[in-house]
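Trainee: My file is input34.cif. It has mmCIF, C-alpha atoms and all ligand atoms:
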data_query
loop_
_atom_site.label_atom_id
_atom_site.label_comp_id
_atom_site.auth_asym_id
_atom_site.auth_seq_id
_atom_site.Cartn_x
_atom_site.Cartn_y
_atom_site.Cartn_z
CA MET A 245 48.21 58.65 -1.83
CA ASN A 246 48.90 62.18 -0.67
CA LYS A 247 45.84 63.83 0.77
CA LEU A 248 45.66 67.22 -0.91
CA ARG A 249 44.76 70.12 1.32
CA GLU A 250 41.49 71.87 0.56
CA ILE A 251 41.03 75.60 1.10
CA LYS A 252 39.63 76.55 4.50
CA GLN A 253 39.51 80.33 4.08
CA LEU A 254 40.30 83.00 1.48
CA ILE A 255 41.26 86.33 3.05
CA GLU A 256 41.10 89.62 1.18
CA PRO A 257 43.85 91.77 2.78
CA GLN A 258 42.61 94.99 4.37
CA MET A 259 44.31 98.39 4.39
CA VAL A 260 45.59 99.40 7.84
CA LEU A 261 47.71 102.25 9.19
CA GLU A 262 50.68 101.34 11.36
CA GLY A 263 53.83 102.96 12.73
CA ALA A 264 53.99 106.66 11.98
CA GLY A 265 51.28 106.38 9.33
CA VAL A 266 52.45 103.63 7.00
CA ARG A 267 49.73 102.04 4.89
CA LEU A 268 49.83 98.26 4.82
CA LEU A 269 47.73 95.47 3.44
CA ARG A 270 47.04 93.17 6.39
CA SER A 271 45.78 89.62 5.95
CA PHE A 272 45.50 88.97 9.69
CA GLY A 273 46.85 90.29 12.98
CA PRO A 274 47.44 88.90 16.47
CA HIS A 275 44.27 87.74 18.22
CA THR A 276 43.58 85.60 21.30
CA SER A 277 41.68 83.15 19.05
CA ASN A 278 45.12 82.28 17.57
CA LEU A 279 43.44 80.87 14.45
CA TYR A 280 46.66 80.62 12.45
CA ASP A 281 48.91 79.24 15.21
CA PRO A 282 51.99 79.56 15.09
CA PHE A 283 51.53 82.59 12.79
CA LEU A 284 50.30 85.87 14.26
CA LEU A 285 50.33 88.50 11.54
CA PHE A 286 50.93 88.91 7.83
CA ASP A 287 51.45 92.35 6.28
CA HIS A 288 52.22 93.38 2.71
CA PHE A 289 53.68 96.79 2.01
CA ALA A 290 53.15 97.76 -1.59
CA PHE A 291 52.14 101.35 -1.87
CA ASN A 292 53.59 102.64 -5.08
CA ASP A 293 50.42 103.49 -6.92
CA PRO A 294 49.70 106.26 -6.26
CA LYS A 295 53.08 107.32 -4.98
CA GLU A 296 53.15 108.47 -1.39
CA GLY A 297 55.11 111.37 -0.02
CA PRO A 298 57.95 110.73 2.41
CA ILE A 299 57.68 107.31 4.03
CA ALA A 300 57.08 107.69 7.72
CA GLY A 301 58.26 104.23 8.73
CA PHE A 302 58.22 102.57 12.11
CA PRO A 303 60.06 104.67 14.71
CA THR A 304 61.53 102.95 17.77
CA HIS A 305 59.16 100.33 19.19
CA PRO A 306 59.54 97.19 21.32
CA HIS A 307 58.85 93.53 20.63
CA ARG A 308 58.69 90.63 23.05
CA GLY A 309 57.68 86.99 22.73
CA ILE A 310 57.62 86.77 18.92
CA GLU A 311 59.70 86.58 15.74
CA THR A 312 59.33 89.08 12.92
CA VAL A 313 60.23 88.04 9.40
CA THR A 314 60.83 90.78 6.85
CA TYR A 315 61.20 89.87 3.15
CA MET A 316 61.85 92.68 0.68
CA LEU A 317 61.34 92.49 -3.08
CA SER A 318 62.07 96.12 -3.89
CA GLY A 319 63.19 99.15 -1.97
CA LYS A 320 64.76 98.54 1.41
CA VAL A 321 64.24 98.76 5.15
CA ARG A 322 66.86 100.47 7.30
CA HIS A 323 66.98 98.72 10.62
CA ARG A 324 68.54 99.65 13.96
CA ASP A 325 68.02 98.12 17.39
CA SER A 326 68.73 98.45 21.09
CA LEU A 327 71.44 95.78 21.03
CA GLY A 328 73.58 97.78 18.61
CA ASN A 329 72.56 95.87 15.48
CA SER A 330 71.92 97.92 12.38
CA GLY A 331 71.76 97.34 8.68
CA GLU A 332 69.69 97.39 5.56
CA ILE A 333 67.28 94.76 4.33
CA THR A 334 67.51 95.30 0.58
CA ALA A 335 65.66 93.74 -2.35
CA GLY A 336 65.67 89.95 -2.15
CA ASP A 337 66.92 89.85 1.46
CA VAL A 338 65.25 88.35 4.51
CA GLN A 339 65.63 89.30 8.14
CA TRP A 340 64.35 86.66 10.57
CA MET A 341 64.39 88.37 13.95
CA THR A 342 63.73 86.43 17.14
CA ALA A 343 62.78 89.12 19.64
CA GLY A 344 62.74 86.77 22.65
CA ARG A 345 62.71 88.71 25.92
CA GLY A 346 62.90 91.99 24.10
CA ILE A 347 64.36 94.35 21.58
CA LEU A 348 63.64 97.99 20.81
CA HIS A 349 64.05 98.68 17.14
CA GLU A 350 63.20 101.04 14.34
CA GLU A 351 62.33 99.96 10.81
CA MET A 352 62.44 102.60 8.11
CA PRO A 353 61.30 101.64 4.60
CA ARG A 354 63.05 103.47 1.75
CA ARG A 355 62.35 103.56 -1.97
CA GLY A 356 64.69 101.66 -4.27
CA GLU A 357 66.18 102.92 -7.55
CA ASP A 358 62.92 102.18 -9.34
CA ASN A 359 61.15 104.34 -6.73
CA THR A 360 59.16 101.46 -5.25
CA ILE A 361 58.85 99.77 -1.88
CA TYR A 362 57.53 96.24 -1.86
CA GLY A 363 57.82 93.64 0.85
CA PHE A 364 56.22 91.49 3.50
CA GLN A 365 56.31 91.01 7.24
CA LEU A 366 55.25 87.82 8.98
CA TRP A 367 55.04 87.42 12.76
CA VAL A 368 55.74 83.97 14.12
CA ASN A 369 54.92 83.02 17.69
CA LEU A 370 57.45 81.63 20.15
CA PRO A 371 56.59 78.80 22.56
CA ALA A 372 56.25 79.79 26.23
CA ALA A 373 59.68 78.33 27.04
CA GLN A 374 61.39 80.64 24.48
CA LYS A 375 59.45 83.87 24.90
CA MET A 376 62.03 85.28 27.32
CA GLY A 377 65.03 83.87 25.43
CA THR A 378 67.99 85.81 24.05
CA PRO A 379 67.21 87.95 20.99
CA ARG A 380 68.70 86.57 17.76
CA TYR A 381 68.97 87.68 14.14
CA GLN A 382 69.28 85.67 10.98
CA GLU A 383 70.16 88.13 8.22
CA VAL A 384 69.99 86.45 4.84
CA LYS A 385 71.22 88.32 1.78
CA GLU A 386 69.62 87.67 -1.61
CA ALA A 387 72.63 85.70 -2.88
CA GLN A 388 72.42 83.25 0.06
CA ILE A 389 68.85 82.20 -0.75
CA PRO A 390 68.89 79.07 -2.93
CA GLN A 391 66.80 79.16 -6.08
CA HIS A 392 65.35 75.83 -7.12
CA ILE A 393 63.83 75.23 -10.55
CA LYS A 394 61.13 72.57 -10.72
CA ASP A 395 58.79 71.89 -13.66
CA GLY A 396 59.46 75.39 -15.01
CA ASN A 397 58.63 77.02 -11.68
CA THR A 398 61.24 78.96 -9.69
CA ILE A 399 61.29 78.55 -5.92
CA ARG A 400 63.36 80.71 -3.57
CA VAL A 401 63.84 78.63 -0.43
CA ILE A 402 64.11 80.80 2.68
CA ALA A 403 63.19 78.24 5.35
CA GLY A 404 62.33 74.57 4.98
CA GLU A 405 63.29 72.19 2.22
CA ILE A 406 62.31 71.14 -1.29
CA ASP A 407 63.99 68.26 -3.20
CA GLY A 408 66.95 68.39 -0.82
CA VAL A 409 67.41 72.16 -1.25
CA GLN A 410 67.48 73.65 2.23
CA GLY A 411 66.64 77.26 3.13
CA PRO A 412 69.29 79.15 5.13
CA VAL A 413 67.05 80.09 8.09
CA ASN A 414 67.36 77.43 10.77
CA GLU A 415 66.65 76.44 14.37
CA ILE A 416 63.28 78.16 14.57
CA ALA A 417 60.81 76.71 17.09
CA ALA A 418 57.89 76.68 14.63
CA GLN A 419 59.83 74.48 12.16
CA PRO A 420 58.77 76.86 9.40
CA LEU A 421 58.51 76.54 5.68
CA TYR A 422 58.86 79.88 3.88
CA MET A 423 59.21 79.80 0.09
CA ASP A 424 58.71 82.36 -2.66
CA VAL A 425 57.19 80.43 -5.56
CA SER A 426 57.08 81.90 -9.08
CA MET A 427 54.91 79.74 -11.33
CA SER A 428 55.02 79.87 -15.11
CA PRO A 429 51.79 79.82 -17.11
CA ASN A 430 50.29 76.35 -17.69
CA SER A 431 52.15 74.65 -14.90
CA THR A 432 51.54 72.84 -11.64
CA PHE A 433 53.33 72.95 -8.30
CA GLU A 434 52.81 70.45 -5.52
CA HIS A 435 54.57 70.40 -2.17
CA ALA A 436 54.31 68.09 0.83
CA VAL A 437 53.57 69.78 4.15
CA PRO A 438 53.42 67.81 7.45
CA SER A 439 49.74 67.15 8.16
CA ASP A 440 49.77 68.71 11.64
CA HIS A 441 51.34 71.98 10.40
CA THR A 442 49.37 75.14 9.68
CA CYS A 443 49.74 76.03 6.00
CA MET A 444 48.95 79.19 4.04
CA ALA A 445 49.87 80.91 0.80
CA TYR A 446 49.92 84.62 0.01
CA VAL A 447 49.33 85.24 -3.70
CA PHE A 448 50.80 88.61 -4.64
CA SER A 449 50.91 88.51 -8.40
CA GLY A 450 49.05 86.84 -11.24
CA SER A 451 46.34 84.24 -10.79
CA GLY A 452 45.75 80.51 -10.74
CA LYS A 453 43.99 77.76 -8.86
CA SER A 454 44.33 75.52 -5.84
CA ALA A 455 41.93 72.74 -4.84
CA SER A 456 39.70 73.76 -7.81
CA GLN A 457 39.27 77.29 -6.45
CA GLU A 458 40.24 80.39 -8.39
CA LEU A 459 42.95 82.51 -6.80
CA HIS A 460 43.78 86.13 -7.48
CA SER A 461 46.24 88.64 -6.07
CA PRO A 462 46.53 89.92 -3.47
CA GLN A 463 44.92 87.16 -1.45
CA MET A 464 45.77 85.00 1.57
CA ILE A 465 44.80 81.36 1.32
CA ILE A 466 44.45 79.30 4.50
CA PHE A 467 44.55 75.55 3.92
CA GLU A 468 42.72 72.71 5.63
CA ASP A 469 44.67 69.79 7.05
CA GLY A 470 46.23 67.35 4.61
CA GLU A 471 49.55 66.10 3.40
CA SER A 472 50.34 68.38 0.48
CA VAL A 473 49.31 71.56 -1.28
CA SER A 474 48.87 71.89 -5.01
CA PHE A 475 48.63 74.92 -7.30
CA GLU A 476 48.06 75.30 -11.02
CA THR A 477 48.23 78.11 -13.52
CA GLN A 478 46.63 78.56 -16.90
CA SER A 479 47.40 81.50 -19.24
CA GLU A 480 48.82 83.74 -16.49
CA PRO A 481 51.83 83.26 -14.24
CA MET A 482 51.30 83.33 -10.47
CA ARG A 483 53.65 84.20 -7.62
CA PHE A 484 53.04 83.46 -3.97
CA ILE A 485 54.71 82.92 -0.64
CA LEU A 486 54.09 79.46 0.77
CA ILE A 487 54.22 79.36 4.56
CA ALA A 488 53.80 76.48 6.99
CA GLY A 489 54.71 75.77 10.59
CA ALA A 490 53.98 73.66 13.64
CA PRO A 491 51.33 75.07 15.99
CA PHE A 492 52.26 75.46 19.67
CA ASN A 493 48.68 75.04 20.99
CA GLU A 494 49.30 77.49 23.83
CA PRO A 495 47.03 80.35 24.92
CA ILE A 496 48.21 83.77 23.74
CA VAL A 497 47.64 87.30 24.97
CA PRO A 498 48.62 89.83 22.31
CA TYR A 499 49.11 93.49 23.16
CA GLY A 500 50.46 95.70 20.39
CA PRO A 501 53.99 94.52 19.60
CA PHE A 502 54.03 91.92 22.41
CA VAL A 503 52.55 88.45 22.30
CA MET A 504 52.77 86.56 25.58
CA ASN A 505 50.85 83.70 27.17
CA THR A 506 49.23 85.53 30.07
CA ARG A 507 47.95 88.98 30.93
CA GLU A 508 50.48 89.14 33.80
CA GLU A 509 53.33 88.73 31.31
CA ILE A 510 51.96 91.65 29.27
CA MET A 511 51.80 93.79 32.44
CA GLN A 512 55.40 92.75 33.16
CA ALA A 513 56.49 93.85 29.66
CA LEU A 514 54.83 97.25 30.12
CA ASP A 515 56.39 97.58 33.57
CA ASP A 516 59.85 96.68 32.21
CA LEU A 517 59.44 99.32 29.50
CA LYS A 518 58.49 101.94 32.08
CA LYS A 519 61.40 101.04 34.36
CA GLY A 520 63.94 100.85 31.53
CA THR A 521 64.61 97.17 32.20
CA PHE A 522 62.94 95.91 29.02
CA VAL A 523 66.20 95.37 27.16
CA GLN A 524 68.98 93.65 29.07
CA ASP A 525 71.87 95.24 27.15
CA SER A 526 72.48 98.81 26.04
CA GLN A 527 69.58 101.01 24.94
CA ILE A 528 69.17 102.47 21.46
MN MN B 601 58.99 95.90 14.48
#
Please re-express this file's structure in structure tokens.
Ligand code: MN
Mentor:
Amino acid sequence: MNKLREIKQLIEPQMVLEGAGVRLLRSFGPHTSNLYDPFLLFDHFAFNDPKEGPIAGFPTHPHRGIETVTYMLSGKVRHRDSLGNSGEITAGDVQWMTAGRGILHEEMPRRGEDNTIYGFQLWVNLPAAQKMGTPRYQEVKEAQIPQHIKDGNTIRVIAGEIDGVQGPVNEIAAQPLYMDVSMSPNSTFEHAVPSDHTCMAYVFSGSGKSASQELHSPQMIIFEDGESVSFETQSEPMRFILIAGAPFNEPIVPYGPFVMNTREEIMQALDDLKKGTFVQDSQI
């Protein structure tokens, strides 16, 4: 029998200000305790009520030693980096960016035609051996993300696999699962997750239950160990992002947009920034 995962922690996301004054709902951020190894941060940007003025965005900033995963559901993020990459992450798209030894980029959220901005950013750690690797992008457009229907529930598979349907994001050190699950009312959804992987779900609309506990939105659910996760709905639908990955079990030292393994490596990153040697190729 599959051992169902119980709930370890329910997190109520907190409002934080980041970038040039962007309001975000943060479930957790990087911390030396590394409680959610290999995951470092989960942010939800959903500030359409009340409407803000001009969106300030995230002017040029560095990253080193991590991956940032941006998933948009409405509006878009204009993106430009120090390696000459630029583009738009529009509704339904995912950008899985492996910063490796370093990128300098700007991320500018913009309202969509319906005047809303709605999306998520997850930070995934890199193992020590890959922290200074070559930066890499996996840009996945909405149409490339497979949609799997199971028991009346619709699952967009971004990374990982369900019933042989494979997500397009690949070759990530954390062996991640990243799925957008839309549950119908009066349904159940169960999914196997390797027992040594960290597993969490971010409920962002509707309500339901998991392991006999009531869930509402927005809410981050951290699961105990076990072999599978199970969700159920009653009269309301529920939509959530299901995330899992293999922990690296390495010490981390976070400092702003860098997450390294030692304090010396953080000092090196700051020194590289100062000297202009942070990015190996052309600057922004
Ligand atoms: Mn960034």
Trainee: Return as a ChimeraX atom specification the residues of protein, DNA or RNA that approach ligand MN 601 (chain B) to within 8 Å, with only C-alpha atoms and all ligand atoms taken into account.
Mentor: /A:302,305-307,312,349-351,501
Trainee: In Å, rounded to a single decimal, give me how far atom CA of Gly404 of chain A is from atom CA of Gly331 of chain A.
Mentor: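 Taking atom CA of Gly331 of chain A and atom CA of Gly404 of chain A, their separation equals 24.9 Å.
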Trainee: Could you check which of A:Leu348, A:Cys443, A:Leu317, A:Ala343 is closest to Phe364 of chain A, using only C-alpha atoms?
Mentor: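 When distances to Phe364 of chain A are compared using only C-alpha atoms, the smallest one comes from A:Leu317.
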Trainee: For the point (55.5, 89.5, 8.2) in the file's frame, write as a list of chain:residue names all residues with an atom no more than 9 Å away, counting all atoms listed in the file.
Mentor: A:Leu284, A:Leu285, A:Phe286, A:Asp287, A:His288, A:Thr312, A:Val313, A:Thr314, A:Tyr315, A:Gly363, A:Phe364, A:Gln365, A:Leu366, A:Trp367, A:Val368
Trainee: Quick one: distance from atom CA of Lys252 of chain A to atom CA of Ser439 of chain A in Å, one decimal?
Mentor: 14.3 Å
Trainee: Taking only C-alpha atoms into account, which of A:Tyr381, A:Phe502, A:Phe289, A:Phe433 comes nearest Arg355 of chain A?
Mentor: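 Nearest to Arg355 of chain A: A:Phe289.
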Trainee: Can you tell me which residues surround Met376 of chain A at a distance of at most 9 Å, considering all atoms listed in the file, apart from same-chain residues fewer than 5 positions away, and format the answer as a short mmCIF file (atom, residue, chain, number, x, y, z; two decimals) with C-alpha atoms, in the coordinates of the input?
Mentor:
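Saved as selection34.cif:
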data_model
loop_
_atom_site.label_atom_id
_atom_site.label_comp_id
_atom_site.auth_asym_id
_atom_site.auth_seq_id
_atom_site.Cartn_x
_atom_site.Cartn_y
_atom_site.Cartn_z
CA ARG A 308 58.69 90.63 23.05
CA GLY A 309 57.68 86.99 22.73
CA ALA A 343 62.78 89.12 19.64
CA GLY A 344 62.74 86.77 22.65
CA ARG A 345 62.71 88.71 25.92
CA GLY A 346 62.90 91.99 24.10
#
Trainee: Rounded to one decimal, what separation in Å do you get between atom CA of Glu480 of chain A and atom CA of Ser449 of chain A?
Mentor: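 These atoms are spaced 9.6 Å apart.
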Trainee: Out of A:Ser479, A:Gln382, A:Gln388, A:Asn505, which residue has the shortest atom-to-atom distance to Lys453 of chain A when counting all atoms listed in the file?
Mentor: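 Using all atoms listed in the file, the shortest distance to Lys453 of chain A belongs to A:Ser479.
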Trainee: Pick from A:Gly489, A:Pro429, A:Pro353, A:Gly520: nearest to Tyr280 of chain A, with all atoms listed in the file counted?
Mentor: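 Closest candidate: A:Gly489.
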Trainee: When distances are computed from only C-alpha atoms, which of A:Lys320, A:Lys519, A:His435, A:Arg380 shows the smallest separation from Lys394 of chain A?
Mentor: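 Among the listed residues, the smallest separation from Lys394 of chain A belongs to A:His435.
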Trainee: Find, counting only C-alpha atoms, the residue in A:Ala445, A:Ala290, A:Met504, A:Ala387 that gets nearest to Phe475 of chain A.
Mentor: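 So, comparing all the options, the nearest one is A:Ala445.
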Trainee: Taking a cut-off of 9 Å and counting only C-alpha atoms, can you build a table that, for each residue of segment 380-463 of chain A near segment 266-274 of chain A, reports the nearest atom pair and how far apart they are in Å (one decimal), sorted by chain then residue number, as JSON lines?
Mentor:
{"residue": "A:Tyr446", "atom": "CA", "partner": "A:Ser271", "partner_atom": "CA", "distance": 8.8}
{"residue": "A:Pro462", "atom": "CA", "partner": "A:Leu269", "partner_atom": "CA", "distance": 8.9}
{"residue": "A:Gln463", "atom": "CA", "partner": "A:Ser271", "partner_atom": "CA", "distance": 7.8}
